[in-house]
Structures are given as C-alpha cells and as structure tokens.
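Scroll down for the structure; my scribbles are underneath it.
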Amino acid sequence: MRKIWLAGLTFFLAAFLIACGRTTPVRVEDVRVTPVTAADIRRAVSNAGAKAVLVNMWATWCGPCREEFPALVRVAHKYQDEGLKVMLVSADDSTDMAAIRKFLAEQGVDFPAYIKAEKDQPFIDGLDKRWTGALPATFIYDGAGKLCDFWEGSASFNVFEQKVVEALGQQAKPTGGNP
Amino acid sequence: MKRHVFVASLVSTVLAGSAFALSIGDKAPSTSVKMKNVDGREISIADVAGKEGTLVIFSCNHCPFVKAWQGRIASIGNAAKSKGVGVIVINSNDPTSYPEDSFGEMQKRAEQLGFTFPYVVDATSDVARAFGATRTPEAFLFDKDGKLVYHGAIDDSKNADQVTKHYLQDAVDALIAGKEVGTKETKFVGCGIKFRAKG
C-alpha cells in the first residue's frame with residue numbers, strides 16, 4: 001500500500017514539474033548516448049515518424065551550448081506529444097562520455113542522445129554544407145525530413161518554440177513556467 | 001505578428017556573425033584596421049604582410065579546440081614567418097563571457113607558446129565579421145597579392161597523434177613553393193566566436 005502511495009506521489013510530482021517547465025531528474029545510468037555519423041542522423045530524421053525533428057549539435061565544453069540546453073530539453077518535453085523528436089548530438093570526444101552522460105542526466109534528458117562518430121569535414125558537409133562547424137548549431141526538419149531551418153549560435157526557448165511550432169504547423173501551446 | 005518579428009530579429013541577432021564567408025580568391029578585408037598586440041603596439045594585417053603571403057588565424061584562449069591546436073598554431077606560425085609569410089593571430093571574442101580571453105591572459109598565452117608573431121585584440125569583432133569567421137581556431141591564408149588561397153582547419157584532428165591531413169602546413173608549403181594549394185577549403189567543429197554586440 002505504501003509503495004502504491006509513493007509511486008502515485010512520484011507520478012504527480014513528475015507531472016507537476018513537467019507542467020511547470022522544469023526537468024525531472026534522470027539517473028546517469030539511464031542516459032543513452034549512441035555514436036552517429038551524419039548519414040545516420042539523416043536516416044534517423046527521415047525515418048523518425050515524427051511531425052518535426054530538431055537536431056542540436058553541442059558539446060560539454062561549449063558555454064553557449066550549455067546555456068541553451070534547458071530550453072532545448074523544455075521544448076522537447078513540451079512538444080513530444082505533438083510529434084516533435086529532438087536529437088541532441090554531442091561533438092565531444094568519446095573519451096568524454098562520463099561528462100556527457102552526467103550533463104545529460106543533470107539536464108533531465110530522458111530520451112535517446114547521440115555523439116558524433118565521424119571526422120569533422122564529412123560530418124559537417126553530410127549534415128548541411130552551410131554549417132561552418134561552429135557550435136551550437138540547430139537544424140529543424142519537417143515530417144518529410146526536409147530541412148526547414150538552420151542556425152549557428154545559441155537561442156532562447158521562445159526561438160526554439162517558434163521554430164518548432166512552425167515546423168509542426170501548429171500554434172504554440174499554453175505553458176506553465178517562464179518563457 | 002509582433003511575436004514573429006521579435007523571433008526573426010532575435011534569430012538574426014544570433015546569426016549576426018555567420019551570414020557571410022570569404023571565398024577562395026577574395027582579397028583580404030579590413031587589412032588596415034589597427035588592433036592591439038600583446039606587446040602593446042597597434043598592428044594591422046597590412047603591417048604584418050610577408051613577401052610570400054599572409055596567414056590570419058582567428059583564435060582565443062578559452063576554447064578547448066584552440067587549446068588542443070595552439071601548439072601546432074605556434075609551430076606552423078613561427079616556421080611560416082621565418083620563411084616570409086606574415087602571420088597574425090586575432091582574438092575577436094568578447095572577454096565578458098570568458099575572462100580567460102582577456103588581454104592579460106592573451107599576453108601570458110603568447111609568451112607561454114613562444115609566438116614570434118602578433119596576437120591581437122579585435123576590439124569590436126568587426127574584423128572577424130568582415131572575414132566571415134565563425135569559430136576558433138579558423139585559418140585564412142592569402143598569397144602575396146592578398147588573395148585567399150586556403151581557408152579552414154589547421155589539420156584534420158583535434159588530437160595531434162591522430163592527424164592524417166596537415167591542411168594548413170601543406171597550404172603554407174605550397175604557397176612558399178609557388179605552387180597551387182591542393183586542398184583549399186576545409187571544415188571543422190570548433191568554438192563559435194563570441195562576437196561583441198554591434199556598436
């Protein structure tokens with residue numbers, strides 16, 4: 001009986017935090033990070049079965065990447081039921097995996113994440129030739145896998161939400177928490 | 001409507017540093033802009049131009065990629081300078097975000113690495129904007145006529161022991177030998193330049 005009560009409390013707490021736009025804690029051991037090439041990402045985008053896909057290139061050592069991360073996770077959670085898939089791709093070295101997983105756990109990333117597993121030149125050109133390689137970089141695709149938007153540099157939650165909503169072809173959802 | 005305009009302007013602000021890039025064959029821009037060197041003198045790109053050409057590298061102190069490549073930058077830069085290629089390393093980052101990129105720290109870094117060439121402050125970030133530079137370390141090599149012959153990475157790996165293609169060194173060697181540069185443009189993942197706000 002006590003277990004049921006605790007499970008219920010946990011569920012309502014998680015629901016409350018999500019509604020408030022805050023992340024729920026994720027255990028480091030539950031964080032999944034898969035090595036990918038640019039071709040893997042393009043395939044995943046095309047086969048996502050989503051209405052829109054947001055791909056964000058980041059790194060643990062990149063200050064602007066870390067600053068925009070909470071907004072990315074928040075938009076991922078807010079629009080996941082509307083058909084948004086978010087792919088967070090780390091450009092760190094694979095030797096930095098412990099730091100990557102720790103950061104993702106702290107940020108509440110409870111969906112699959114990725115790490116670049118290809119040399120820079122083919123990876124960059126394989127994603128989009130307009131990308132110079134600067135981090136962070138964000139690519140937004142529609143449900144057919146067509147690139148709708150791309151930019152280098154960090155963005156706010158409002159920008160991510162606006163771009164995602166455009167790709168989803170929807171209106172912005174009302175939100176709890178601050179913009 | 002207001003919201004769309006706001007978002008559009010915000011995104012354009014974010015992209016302010018990356019809308020343009022020099023093409024191979026383009027002349028070096030902003031060559032007369034004076035920038036403060038670590039020795040206190042005001043120096044322009046034109047001031048350092050060599051008889052064989054000029055190497056301009058956008059760099060900084062804090063970026064882990066710069067830290068990985070800085071020894072190779074010192075080595076290539078010092079050797080190039082001794083062979084008649086003018087060399088200048090430019091820090092266009094706003095040090096507000098990263099105190100490690102301050103002038104005092106630049107002086108220390110230049111001394112530690114043994115730079116025999118200027119390491120200067122792009123105080124408005126406008127030189128980086130004129131070049132279309134977006135990340136660090138980003139190299140631009142110009143021939144003796146001031147035309148761009150190589151743009152991009154130092155080499156093909158952040159890890160010195162995994163380098164298989166010495167892009168910049170090969171380009172400098174070709175320039176000095178009077179040959180056409182083989183690989184003219186390369187890309188790499190690097191730290192975005194922390195541009196100062198437009199004045």
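Numbering starts fresh at 1 for the residues of each chain in the structure tokens, the chains themselves are lettered A, B, ... in the order given, and ligands are numbered from 1 as they appear.
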Determine, using only C-alpha atoms, which residues of chain A have any atom at most 9 Å from an atom of chain B, and tabulate each with its shortest atom pair and distance in Å to one decimal place, rows ordered by chain and then rising number, as a tab-separated table.
```
residue	atom	partner	partner_atom	distance
A:Trp61	CA	B:Pro64	CA	7.0
A:Cys62	CA	B:Cys191	CA	6.8
A:Gly63	CA	B:Ser97	CA	8.7
A:Pro64	CA	B:Gly192	CA	8.7
A:Ala91	CA	B:Val189	CA	7.5
A:Lys119	CA	B:Asp156	CA	7.5
A:Asp120	CA	B:Phe188	CA	4.9
A:Gln121	CA	B:Lys187	CA	5.1
A:Pro122	CA	B:Lys187	CA	8.6
A:Phe123	CA	B:Phe188	CA	8.9
A:Ile124	CA	B:Lys187	CA	7.1
A:Asp125	CA	B:Lys187	CA	8.2
A:Trp131	CA	B:Lys187	CA	8.8
A:Thr132	CA	B:Lys187	CA	6.3
A:Gly133	CA	B:Val189	CA	4.2
A:Ala134	CA	B:Gly192	CA	4.7
A:Leu135	CA	B:Gly192	CA	5.4
A:Pro136	CA	B:Gly192	CA	7.4
A:Trp151	CA	B:Leu15	CA	6.7
A:Glu152	CA	B:Leu15	CA	6.3
A:Gly153	CA	B:Val14	CA	5.7
A:Ser154	CA	B:Val14	CA	6.6
A:Ala155	CA	B:Val14	CA	7.0
A:Ser156	CA	B:Leu10	CA	8.7
A:Asn158	CA	B:Val7	CA	7.3
A:Val159	CA	B:Val7	CA	5.8
A:Gln162	CA	B:Val7	CA	7.3
A:Lys163	CA	B:Val7	CA	8.9
```
Output file for the selection above: N, CA and C atoms, as a compact mmCIF listing (two decimals), in the first residue's frame:
```txt
# COMPACT_ATOMS: atom_id res chain seq x y z
N TRP A 61 31.96 21.31 -23.32
CA TRP A 61 32.88 22.42 -23.08
C TRP A 61 32.37 23.73 -23.68
N CYS A 62 31.25 23.69 -24.38
CA CYS A 62 30.75 24.85 -25.13
C CYS A 62 29.76 25.63 -24.25
N GLY A 63 30.18 26.81 -23.77
CA GLY A 63 29.35 27.61 -22.88
C GLY A 63 27.98 27.94 -23.44
N PRO A 64 27.88 28.50 -24.65
CA PRO A 64 26.57 28.82 -25.21
C PRO A 64 25.68 27.59 -25.38
N ALA A 91 29.39 16.84 -29.77
CA ALA A 91 30.61 16.86 -30.58
C ALA A 91 31.85 16.62 -29.72
N LYS A 119 34.83 11.98 -38.68
CA LYS A 119 35.71 13.15 -38.77
C LYS A 119 34.88 14.39 -39.11
N ASP A 120 35.41 15.55 -38.75
CA ASP A 120 34.64 16.79 -38.85
C ASP A 120 34.12 17.08 -40.26
N GLN A 121 35.03 17.07 -41.24
CA GLN A 121 34.65 17.51 -42.60
C GLN A 121 33.48 16.71 -43.18
N PRO A 122 33.56 15.36 -43.22
CA PRO A 122 32.42 14.62 -43.77
C PRO A 122 31.17 14.76 -42.90
N PHE A 123 31.35 14.90 -41.60
CA PHE A 123 30.18 15.04 -40.71
C PHE A 123 29.46 16.36 -40.98
N ILE A 124 30.24 17.45 -41.05
CA ILE A 124 29.64 18.77 -41.26
C ILE A 124 28.95 18.84 -42.61
N ASP A 125 29.67 18.46 -43.66
CA ASP A 125 29.08 18.52 -45.01
C ASP A 125 27.93 17.54 -45.17
N TRP A 131 26.62 24.72 -42.82
CA TRP A 131 27.13 24.71 -41.45
C TRP A 131 28.65 24.83 -41.48
N THR A 132 29.17 25.84 -40.77
CA THR A 132 30.63 26.04 -40.76
C THR A 132 31.33 25.10 -39.79
N GLY A 133 30.57 24.55 -38.86
CA GLY A 133 31.17 23.71 -37.81
C GLY A 133 31.12 24.38 -36.45
N ALA A 134 30.68 25.65 -36.42
CA ALA A 134 30.58 26.36 -35.14
C ALA A 134 29.48 25.74 -34.27
N LEU A 135 29.72 25.74 -32.97
CA LEU A 135 28.75 25.22 -32.00
C LEU A 135 28.21 26.36 -31.14
N PRO A 136 26.94 26.27 -30.68
CA PRO A 136 25.98 25.24 -31.05
C PRO A 136 25.42 25.49 -32.45
N TRP A 151 20.47 27.25 -37.92
CA TRP A 151 21.25 28.40 -37.48
C TRP A 151 22.41 27.97 -36.60
N GLU A 152 23.41 28.82 -36.57
CA GLU A 152 24.55 28.64 -35.67
C GLU A 152 24.40 29.63 -34.54
N GLY A 153 24.83 29.25 -33.37
CA GLY A 153 24.72 30.14 -32.20
C GLY A 153 23.55 29.71 -31.33
N SER A 154 23.54 30.27 -30.14
CA SER A 154 22.52 29.86 -29.17
C SER A 154 21.20 30.58 -29.41
N ALA A 155 20.14 30.02 -28.85
CA ALA A 155 18.81 30.61 -28.99
C ALA A 155 18.06 30.45 -27.68
N SER A 156 16.98 31.24 -27.55
CA SER A 156 16.16 31.19 -26.34
C SER A 156 15.05 30.16 -26.51
N ASN A 158 11.93 30.82 -26.52
CA ASN A 158 10.95 31.40 -27.44
C ASN A 158 11.30 31.12 -28.89
N VAL A 159 12.58 31.23 -29.21
CA VAL A 159 13.01 30.97 -30.60
C VAL A 159 12.82 29.49 -30.93
N GLN A 162 9.09 28.80 -31.32
CA GLN A 162 8.52 29.38 -32.54
C GLN A 162 8.90 28.54 -33.77
N LYS A 163 10.16 28.15 -33.84
CA LYS A 163 10.64 27.39 -34.99
C LYS A 163 10.00 25.99 -35.02
```
> Running DSSP on the backbone, which parts of segment 55-161 of chain B land in helix (DSSP H, G or I), as a PyMOL selection string?
Replying inline: chain B and resi 64-82+99-101+103-113+126-131+160-161
> Can you list, as a ChimeraX atom specification, every protein, DNA or RNA residue that comes within 9 Å of Ala172 of chain A when you count only C-alpha atoms, leaving out same-chain residues fewer than 5 positions away?
Replying inline: /A:161-162,164-166
>> Please compute the atom CA of Ala59 of chain A-atom CA of Cys60 of chain B distance, one decimal, in Å.
In response: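 The value is 17.6 Å.
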> At what distance in Å, to one decimal, does atom CA of Tyr167 of chain B lie from atom CA of Lys129 of chain A?
Replying inline: 18.9 Å
> Between A:Glu118, A:Ser94, A:Lys51, A:Val86, which one has atoms that come closest to Phe69 of chain A, using only C-alpha atoms?
Replying inline: A:Val86
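Interatomic distance, atom CA of Val45 of chain A to atom CA of Val31 of chain A: 20.6 Å.
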>> With only C-alpha atoms as the counted atoms, please give the residues lying no more than 12 Å from Lys83 of chain B, apart from itself and same-chain residues fewer than 2 positions off, as an MDAnalysis selection string.
In response: chainID B and resid 50:55 76:81 85:87 172:173 175:177
Using only N, CA and C atoms, please write the residues we just selected to a file, as a PDB file, in the first residue's frame.
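Ended up saving to out_15.pdb:
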```pdb
ATOM      1  N   GLY B  50      53.674  39.415 -45.443  1.00  0.00           N
ATOM      2  CA  GLY B  50      55.003  38.952 -45.817  1.00  0.00           C
ATOM      3  C   GLY B  50      55.199  38.966 -47.324  1.00  0.00           C
ATOM      4  N   LYS B  51      56.427  38.759 -47.763  1.00  0.00           N
ATOM      5  CA  LYS B  51      56.692  38.796 -49.203  1.00  0.00           C
ATOM      6  C   LYS B  51      56.084  37.567 -49.905  1.00  0.00           C
ATOM      7  N   GLU B  52      55.852  36.483 -49.140  1.00  0.00           N
ATOM      8  CA  GLU B  52      55.257  35.285 -49.745  1.00  0.00           C
ATOM      9  C   GLU B  52      53.744  35.240 -49.560  1.00  0.00           C
ATOM     10  N   GLY B  53      53.233  35.945 -48.562  1.00  0.00           N
ATOM     11  CA  GLY B  53      51.796  35.918 -48.286  1.00  0.00           C
ATOM     12  C   GLY B  53      51.530  36.240 -46.827  1.00  0.00           C
ATOM     13  N   THR B  54      50.275  36.035 -46.426  1.00  0.00           N
ATOM     14  CA  THR B  54      49.892  36.379 -45.054  1.00  0.00           C
ATOM     15  C   THR B  54      48.950  35.320 -44.493  1.00  0.00           C
ATOM     16  N   LEU B  55      49.255  34.893 -43.272  1.00  0.00           N
ATOM     17  CA  LEU B  55      48.402  33.918 -42.582  1.00  0.00           C
ATOM     18  C   LEU B  55      47.667  34.623 -41.449  1.00  0.00           C
ATOM     19  N   ILE B  76      53.492  26.089 -36.656  1.00  0.00           N
ATOM     20  CA  ILE B  76      53.285  26.436 -38.070  1.00  0.00           C
ATOM     21  C   ILE B  76      53.510  27.935 -38.276  1.00  0.00           C
ATOM     22  N   GLY B  77      52.972  28.739 -37.352  1.00  0.00           N
ATOM     23  CA  GLY B  77      53.098  30.194 -37.485  1.00  0.00           C
ATOM     24  C   GLY B  77      54.542  30.665 -37.426  1.00  0.00           C
ATOM     25  N   ASN B  78      55.286  30.153 -36.457  1.00  0.00           N
ATOM     26  CA  ASN B  78      56.688  30.566 -36.324  1.00  0.00           C
ATOM     27  C   ASN B  78      57.509  30.156 -37.550  1.00  0.00           C
ATOM     28  N   ALA B  79      57.257  28.934 -38.035  1.00  0.00           N
ATOM     29  CA  ALA B  79      58.003  28.459 -39.215  1.00  0.00           C
ATOM     30  C   ALA B  79      57.627  29.259 -40.459  1.00  0.00           C
ATOM     31  N   ALA B  80      56.320  29.533 -40.602  1.00  0.00           N
ATOM     32  CA  ALA B  80      55.860  30.291 -41.778  1.00  0.00           C
ATOM     33  C   ALA B  80      56.470  31.682 -41.782  1.00  0.00           C
ATOM     34  N   LYS B  81      56.502  32.294 -40.615  1.00  0.00           N
ATOM     35  CA  LYS B  81      57.044  33.659 -40.519  1.00  0.00           C
ATOM     36  C   LYS B  81      58.522  33.671 -40.914  1.00  0.00           C
ATOM     37  N   VAL B  85      56.255  34.395 -44.735  1.00  0.00           N
ATOM     38  CA  VAL B  85      54.793  34.536 -44.677  1.00  0.00           C
ATOM     39  C   VAL B  85      54.458  35.357 -43.428  1.00  0.00           C
ATOM     40  N   GLY B  86      53.776  36.467 -43.624  1.00  0.00           N
ATOM     41  CA  GLY B  86      53.349  37.258 -42.474  1.00  0.00           C
ATOM     42  C   GLY B  86      52.310  36.495 -41.684  1.00  0.00           C
ATOM     43  N   VAL B  87      52.371  36.578 -40.372  1.00  0.00           N
ATOM     44  CA  VAL B  87      51.437  35.817 -39.528  1.00  0.00           C
ATOM     45  C   VAL B  87      50.831  36.738 -38.477  1.00  0.00           C
ATOM     46  N   VAL B 172      50.671  26.273 -46.662  1.00  0.00           N
ATOM     47  CA  VAL B 172      51.799  27.201 -46.491  1.00  0.00           C
ATOM     48  C   VAL B 172      52.984  26.738 -47.341  1.00  0.00           C
ATOM     49  N   ASP B 173      53.255  25.439 -47.313  1.00  0.00           N
ATOM     50  CA  ASP B 173      54.368  24.894 -48.101  1.00  0.00           C
ATOM     51  C   ASP B 173      54.153  25.157 -49.590  1.00  0.00           C
ATOM     52  N   LEU B 175      52.323  27.504 -50.932  1.00  0.00           N
ATOM     53  CA  LEU B 175      52.421  28.952 -51.169  1.00  0.00           C
ATOM     54  C   LEU B 175      53.893  29.368 -51.310  1.00  0.00           C
ATOM     55  N   ILE B 176      54.718  28.898 -50.394  1.00  0.00           N
ATOM     56  CA  ILE B 176      56.135  29.265 -50.408  1.00  0.00           C
ATOM     57  C   ILE B 176      56.833  28.678 -51.646  1.00  0.00           C
ATOM     58  N   ALA B 177      56.394  27.505 -52.060  1.00  0.00           N
ATOM     59  CA  ALA B 177      56.996  26.854 -53.229  1.00  0.00           C
ATOM     60  C   ALA B 177      56.452  27.420 -54.538  1.00  0.00           C
TER      61      ALA B 177
END
```
